[in-house]
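Right, one structure below, let's go through it.
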Amino acid sequence: MQEVRHYLQFKDFDREEYEYLFARTRWIKDRFKRYEPYQPLNDRTLAMVFEKHSTRTRVSFEAGMNQLGGSVITLMTRDTQLGRGEPIEDVARVITRMVDIVMIRTFEHEIIERFAAHSRVPVINGLTDEYHPCQILGDIFTYIEQRGSISGKTVAWIGDSNNVCHTWMQAAKIFDFNFHVASPPGYELEPERGESYESAHLELFNDPMEAARDADLVTTDVWTSMGFEDETSERRQDFADFCVDAEMMAAAKPDALFMHCLPAHRGEEVEAEVIDGPQSVVWDEAENRLHTQKALLEYLLLGKVKI
């Protein structure tokens, strides 16, 4: 029996596997743009389990699986026995006897690890409090599509050291680029996390302008992630100097790109003139979630495909 592969963190794949995934993404996206059907996952079923609300993750996975010829079952925890306290291990044992692949969007990363440990099929992390690998998969593909190789480049993260930030750090090691992180006091990366992601690729800044200086890519996220809504007012004060504006983008390289995983709050973590401006690729970035995740679904279910 072939070993089941999961995608729970960005570091679960190596550089060669990502190069393959990006090649498949280009091929799949090209077919999509030419309205040429490609349905290798006929009679395969994806189960999506949501403990956290979603727009882009839900639409991109559901549309992607349908476009590949498969079907989708969407489960909200409040509508299932999970919401009534059924052990996650039991849910994994049952669901994965009925479907071919599972995507989970949840809170603690431990939840998805426990599910995967008892799963008979591949499990994809659609987002946890610690990591968001599918987002960075789409982000890096978008950079490569727009500017070429990301190796040796500098990515500046402005804001909270959250799950997206953690995942960028894993990507920096795999793709050999520099990762600058600027966060307000009290929201910095934990020292042990920086060590585990190799300080050779990571540099921490107190001043967001310095972090953005000469960067090839400037990226950010909302100041208040899901689960921290009670801190919204306090965070608006603490992050007041960490808004990506035109001055900050001017400190980056002239051809620097701006990314945001969305949803965005104009006037908070980013000014409208930046996210709606010529350096922004947020809409390509959002669309590429669809194409990279289709390549991911194909890879986890079929392995390497020769066309």
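In the structure tokens, the first chain shown is A, the next is B, and so on; residue numbers restart at 1 for each chain, and ligands run from 1 in the order shown.
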Item to complete: Tell me, as a list of chain:residue names, which residues lie within 12 Å of A:Trp283, counting only C-alpha atoms; anything in the same chain fewer than 2 positions away does not count.
Response: A:Arg56, A:Gly138, A:Asp139, A:Thr142, A:Phe258, A:Met259, A:His260, A:Cys261, A:Leu262, A:Pro263, A:Ala264, A:Ile275, A:Asp276, A:Gly277, A:Pro278, A:Gln279, A:Ser280, A:Val281, A:Glu285, A:Ala286, A:Glu287, A:Asn288, A:Arg289, A:Leu290
Discussion item. Just list as a PyMOL selection string whatever in stretch 49-266 of chain A DSSP marks as alpha helix (DSSP H).
Written reply: chain A and resi 56-67+88-95+109-117+133-147+163-175+191-196+208-212+232-238+246-251
Worksheet item: So which residues touch stretch 210-217 of chain A within 9 Å, counting only C-alpha atoms, skipping near sequence neighbours fewer than 6 positions away, as a ChimeraX atom specification?
Response: /A:143,150,153-158,180-182,203-204,248-259
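What separates atom CA of A:Phe22 from atom CA of A:Ile73 is a distance of 26.6 Å.
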Worksheet item: Taking into account only C-alpha atoms, which residue in the set A:Glu234, A:Glu17, A:Glu36, A:Glu3 is nearest to A:Tyr299?
Response: A:Glu17
